[in-house]
file model-v4.txt (compact mmCIF, C-alpha atoms)
# COMPACT_ATOMS: atom_id res chain seq x y z
CA MET A 1 67.69 118.45 -9.58
CA LYS A 2 64.93 116.42 -7.83
CA ARG A 3 63.05 119.68 -7.14
CA LYS A 4 63.07 120.61 -10.87
CA ILE A 5 61.77 117.18 -11.84
CA GLY A 6 59.03 117.38 -9.18
CA ILE A 7 57.93 120.84 -10.40
CA GLY A 8 57.98 119.62 -14.00
CA ILE A 9 55.77 116.66 -13.16
CA LEU A 10 53.42 118.92 -11.18
CA MET A 11 53.16 121.35 -14.12
CA LEU A 12 52.53 118.46 -16.50
CA LEU A 13 49.79 117.14 -14.23
CA LEU A 14 48.18 120.56 -13.87
CA GLY A 15 48.41 121.19 -17.59
CA GLY A 16 46.89 117.77 -18.28
CA SER A 17 44.02 118.62 -15.93
CA ALA A 18 43.32 121.86 -17.78
CA LEU A 19 43.51 119.99 -21.07
CA ALA A 20 41.06 117.37 -19.78
CA GLU A 21 38.67 120.12 -18.62
CA GLY A 22 38.84 121.72 -22.06
CA MET A 23 38.13 118.39 -23.74
CA THR A 24 35.20 117.77 -21.37
CA ALA A 25 33.75 121.21 -22.14
CA GLU A 26 34.11 120.51 -25.86
CA ARG A 27 32.42 117.11 -25.50
CA GLU A 28 29.59 118.68 -23.51
CA GLN A 29 29.10 121.29 -26.21
CA GLU A 30 28.96 118.53 -28.85
CA ALA A 31 26.49 116.53 -26.74
CA ARG A 32 24.27 119.61 -26.32
CA ALA A 33 24.34 120.13 -30.10
CA ALA A 34 23.19 116.53 -30.64
CA VAL A 35 20.42 116.96 -28.05
CA ASN A 36 19.32 120.25 -29.63
CA ARG A 37 19.14 118.55 -33.02
CA LEU A 38 17.06 115.71 -31.58
CA MET A 39 14.75 118.18 -29.80
CA LYS A 40 14.31 120.25 -32.95
CA GLU A 41 13.58 117.30 -35.25
CA LEU A 42 11.34 115.41 -32.87
CA GLY A 43 9.60 118.53 -31.56
CA GLY A 44 8.89 119.74 -35.09
CA ALA A 45 7.47 116.37 -36.13
CA LEU A 46 5.27 116.22 -33.01
CA LYS A 47 3.92 119.75 -33.49
CA THR A 48 3.11 119.03 -37.14
CA ALA A 49 1.40 115.76 -36.23
CA MET A 50 -0.66 117.46 -33.50
CA LYS A 51 -1.85 120.09 -35.98
CA GLU A 52 -2.66 117.52 -38.69
CA GLY A 53 -4.25 114.76 -36.64
CA GLY A 54 -4.14 115.47 -32.93
CA PRO A 55 -2.65 113.24 -30.25
CA GLN A 56 -3.35 109.99 -32.11
CA LYS A 57 -1.09 111.09 -34.97
CA ALA A 58 1.51 112.41 -32.50
CA ILE A 59 1.65 108.98 -30.87
CA ARG A 60 2.58 107.53 -34.27
CA VAL A 61 5.48 110.00 -34.43
CA CYS A 62 6.74 108.71 -31.08
CA THR A 63 6.20 105.08 -32.11
CA GLN A 64 7.70 105.25 -35.60
CA MET A 65 9.75 108.41 -36.14
CA ALA A 66 11.40 108.99 -32.75
CA PRO A 67 13.37 105.71 -32.74
CA ARG A 68 14.55 106.40 -36.31
CA ILE A 69 15.61 109.97 -35.44
CA ASN A 70 17.48 108.72 -32.34
CA ALA A 71 19.18 105.97 -34.37
CA ARG A 72 20.16 108.27 -37.23
CA ILE A 73 21.73 110.90 -34.97
CA SER A 74 23.47 108.14 -32.99
CA ARG A 75 24.91 106.57 -36.17
CA GLU A 76 26.06 109.93 -37.55
CA ARG A 77 27.88 110.78 -34.31
CA GLY A 78 29.05 107.33 -33.32
CA TRP A 79 27.39 107.80 -29.93
CA GLN A 80 24.21 106.70 -28.22
CA VAL A 81 21.72 109.61 -28.31
CA THR A 82 18.31 108.92 -26.80
CA ARG A 83 15.57 109.89 -24.35
CA VAL A 84 15.04 108.10 -21.03
CA SER A 85 12.65 108.27 -18.10
CA THR A 86 11.92 106.26 -14.98
CA ARG A 87 8.30 106.46 -16.16
CA TYR A 88 8.93 105.24 -19.70
CA ARG A 89 6.44 104.45 -22.43
CA ASN A 90 8.53 101.84 -24.26
CA PRO A 91 10.78 99.71 -22.00
CA LEU A 92 12.98 98.74 -24.96
CA LEU A 93 13.85 102.34 -25.86
CA GLY A 94 13.23 104.52 -22.82
CA MET A 95 14.36 102.55 -19.78
CA PRO A 96 17.34 104.26 -18.11
CA ASP A 97 20.49 102.38 -17.17
CA SER A 98 21.82 102.68 -13.59
CA TRP A 99 23.87 105.83 -14.34
CA GLU A 100 20.87 107.51 -15.99
CA GLN A 101 18.63 106.54 -13.06
CA ARG A 102 21.09 108.16 -10.65
CA VAL A 103 21.21 111.38 -12.70
CA LEU A 104 17.41 111.50 -13.00
CA GLY A 105 17.34 111.27 -9.19
CA LYS A 106 19.79 114.18 -8.99
CA PHE A 107 17.60 116.19 -11.38
CA ARG A 108 14.55 115.59 -9.16
CA GLN A 109 16.53 116.65 -6.09
CA ARG A 110 17.86 119.79 -7.80
CA ALA A 111 14.32 120.68 -8.93
CA ALA A 112 12.99 120.14 -5.39
CA GLU A 113 15.66 122.57 -4.18
CA GLY A 114 14.29 125.21 -6.57
CA GLU A 115 16.49 124.87 -9.66
CA ALA A 116 14.62 125.28 -12.95
CA LEU A 117 14.37 122.12 -15.05
CA LYS A 118 14.80 124.06 -18.29
CA GLY A 119 18.48 123.86 -19.17
CA MET A 120 19.32 121.51 -16.27
CA LYS A 121 22.17 119.25 -17.30
CA TYR A 122 24.84 116.95 -15.91
CA SER A 123 27.94 115.35 -17.40
CA GLU A 124 30.92 113.28 -16.34
CA VAL A 125 33.45 110.76 -17.59
CA VAL A 126 32.67 107.26 -16.34
CA THR A 127 34.55 103.99 -16.50
CA GLN A 128 32.43 100.95 -17.18
CA PRO A 129 33.50 97.33 -17.74
CA GLU A 130 33.41 97.88 -21.53
CA GLY A 131 35.44 101.12 -21.45
CA LYS A 132 35.44 104.85 -20.69
CA TYR A 133 32.59 107.12 -21.72
CA PHE A 134 31.63 110.74 -21.60
CA ARG A 135 28.04 110.78 -20.32
CA TYR A 136 25.68 113.73 -20.65
CA MET A 137 22.06 114.24 -19.67
CA GLN A 138 19.70 117.17 -20.10
CA ALA A 139 16.35 117.36 -18.29
CA ILE A 140 13.06 117.29 -20.20
CA PRO A 141 10.44 119.37 -18.38
CA MET A 142 6.80 118.43 -18.99
CA GLN A 143 5.24 120.94 -21.38
CA GLY A 144 1.56 121.80 -21.83
CA LEU A 145 1.46 120.35 -25.35
CA CYS A 146 2.53 116.97 -23.97
CA THR A 147 -0.39 116.59 -21.52
CA SER A 148 -2.72 115.18 -24.19
CA CYS A 149 -0.57 112.00 -24.22
CA HIS A 150 1.42 112.14 -20.95
CA GLY A 151 -0.97 113.94 -18.58
CA PRO A 152 -3.12 112.27 -15.92
CA ARG A 153 -4.60 109.10 -17.44
CA GLU A 154 -8.16 109.95 -16.42
CA GLN A 155 -7.85 113.25 -18.32
CA LEU A 156 -6.68 111.66 -21.57
CA ALA A 157 -9.22 111.42 -24.38
CA PRO A 158 -10.70 107.90 -24.68
CA ALA A 159 -9.27 107.57 -28.23
CA VAL A 160 -5.78 108.43 -26.92
CA GLN A 161 -6.14 105.92 -24.07
CA GLU A 162 -7.09 103.23 -26.58
CA VAL A 163 -4.16 103.96 -28.92
CA LEU A 164 -1.73 103.96 -25.97
CA LYS A 165 -3.14 100.66 -24.74
CA GLN A 166 -2.66 99.10 -28.18
CA ARG A 167 0.80 100.48 -28.96
CA TYR A 168 2.26 100.54 -25.44
CA PRO A 169 0.78 97.77 -23.27
CA HIS A 170 3.41 98.43 -20.57
CA ASP A 171 3.02 102.23 -20.62
CA ARG A 172 4.17 104.03 -17.48
CA ALA A 173 4.45 107.50 -19.06
CA THR A 174 1.19 109.12 -17.97
CA GLY A 175 0.23 111.13 -14.90
CA PHE A 176 2.67 113.98 -15.47
CA GLN A 177 1.88 117.57 -14.53
CA VAL A 178 3.16 120.59 -16.48
CA GLY A 179 6.57 121.63 -15.15
CA GLU A 180 7.39 118.19 -13.72
CA LEU A 181 10.51 116.24 -14.77
CA ARG A 182 9.32 114.12 -17.73
CA GLY A 183 12.69 112.46 -18.34
CA ALA A 184 15.98 113.40 -19.97
CA PHE A 185 17.95 113.38 -23.17
CA SER A 186 20.96 111.12 -22.74
CA VAL A 187 24.23 110.98 -24.68
CA LYS A 188 26.92 108.33 -24.25
CA GLN A 189 30.18 108.98 -26.11
CA PRO A 190 32.89 106.29 -26.12
CA LEU A 191 36.35 107.61 -25.28
CA GLY A 192 39.62 106.29 -26.66
CA ASP A 193 42.43 105.06 -24.42
call {"tool": "encode", "arguments": {"input": "model-v4.txt", "output": "structure tokens"}}
result
Amino acid sequence: MKRKIGIGILMLLLGGSALAEGMTAEREQEARAAVNRLMKELGGALKTAMKEGGPQKAIRVCTQMAPRINARISRERGWQVTRVSTRYRNPLLGMPDSWEQRVLGKFRQRAAEGEALKGMKYSEVVTQPEGKYFRYMQAIPMQGLCTSCHGPREQLAPAVQEVLKQRYPHDRATGFQVGELRGAFSVKQPLGD
């Protein structure tokens, strides 16, 4: 009798593990969908702004539209959906928490070992003092289009440098080379009990 109970508990535990893996895969897919939506909306707005008014207009997109896009997608999903970097432009919106800093470090290490940044991702369930969360991050590789605002400071147009100085007095988001890790999209989903 004890053997049957032990096997039943083992099967329940194994089945629960498979169920948890399925739920994690589903959550990751949902997080990727939110990131893809953010990339599409923000990327489209930035490309349009660059065509219409160059980097100065694109900076306005990042200053005004990006926070609204992040907030809207976050509200619709009931999650936190944002972009972070250790070299952030706006400390109020782009500064990573300790978990995000750790994952950005892992991304840098994986890239140094030869893994492509495009499509690089990481997810896990974490327990924090305020509860359990599914956390997801996806690397943002530096693209050529972005160098006019995020490239080496001495290579930025004087007008761009002036706008950045006015709008972002604590800017740390310059000096990037194409192909380098620019930052990451980050999703934080609260989990029920």
call {"tool": "residues_around", "arguments": {"input": "model-v4.txt", "residues": "segment 130-142 of chain A", "least_positions_apart": "5", "cutoff": "6 Å", "atoms": "all atoms listed in the file", "output": "list in words"}}
result
Leu117, Met120, Lys121, Tyr122, Ser123, Glu124, Val125, Val178, Gly179, Glu180, Leu181, Arg182, Gly183, Ala184, Phe185, Ser186, Val187, Lys188, Gln189, Pro190 and Leu191 of chain A
call {"tool": "residues_around", "arguments": {"input": "model-v4.txt", "residues": "segment 68-76 of chain A", "least_positions_apart": "4", "cutoff": "9 Å", "atoms": "all atoms listed in the file", "output": "list in words"}}
result
Ala34, Arg37, Leu38, Glu41, Leu42, Gln64, Gln80, Val81, Thr82, Arg83 and Val187 of chain A
call {"tool": "residues_around", "arguments": {"input": "model-v4.txt", "residues": "Met50 of chain A", "least_positions_apart": "5", "cutoff": "10 Å", "atoms": "all atoms listed in the file", "output": "ChimeraX atom specification"}}
result
/A:44-45,55-59,61,145,148
call {"tool": "atom_distance", "arguments": {"input": "model-v4.txt", "atom1": "atom CA of Phe107 of chain A", "atom2": "atom CA of Ala66 of chain A"}}
result
23.4 Å
call {"tool": "residues_around", "arguments": {"input": "model-v4.txt", "residues": "Thr63 of chain A", "least_positions_apart": "6", "cutoff": "10 Å", "atoms": "all atoms listed in the file", "output": "ChimeraX atom specification"}}
result
/A:57,89-90,167-168
call {"tool": "closest_residue", "arguments": {"input": "model-v4.txt", "among": "A:Ser98, A:Ala49, A:Gln177, A:Arg172", "to": "Gln128 of chain A", "atoms": "only C-alpha atoms"}}
result
A:Ser98
call {"tool": "closest_residue", "arguments": {"input": "model-v4.txt", "among": "A:Ala25, A:Ala111, A:Trp79, A:Gly43", "to": "Gln143 of chain A", "atoms": "all atoms listed in the file"}}
result
A:Gly43
call {"tool": "closest_residue", "arguments": {"input": "model-v4.txt", "among": "A:Ala31, A:Met95, A:Cys146, A:Leu104", "to": "Gly78 of chain A", "atoms": "only C-alpha atoms"}}
result
A:Ala31
call {"tool": "atom_distance", "arguments": {"input": "model-v4.txt", "atom1": "atom CA of Gly54 of chain A", "atom2": "atom CA of Arg32 of chain A"}}
result
29.5 Å
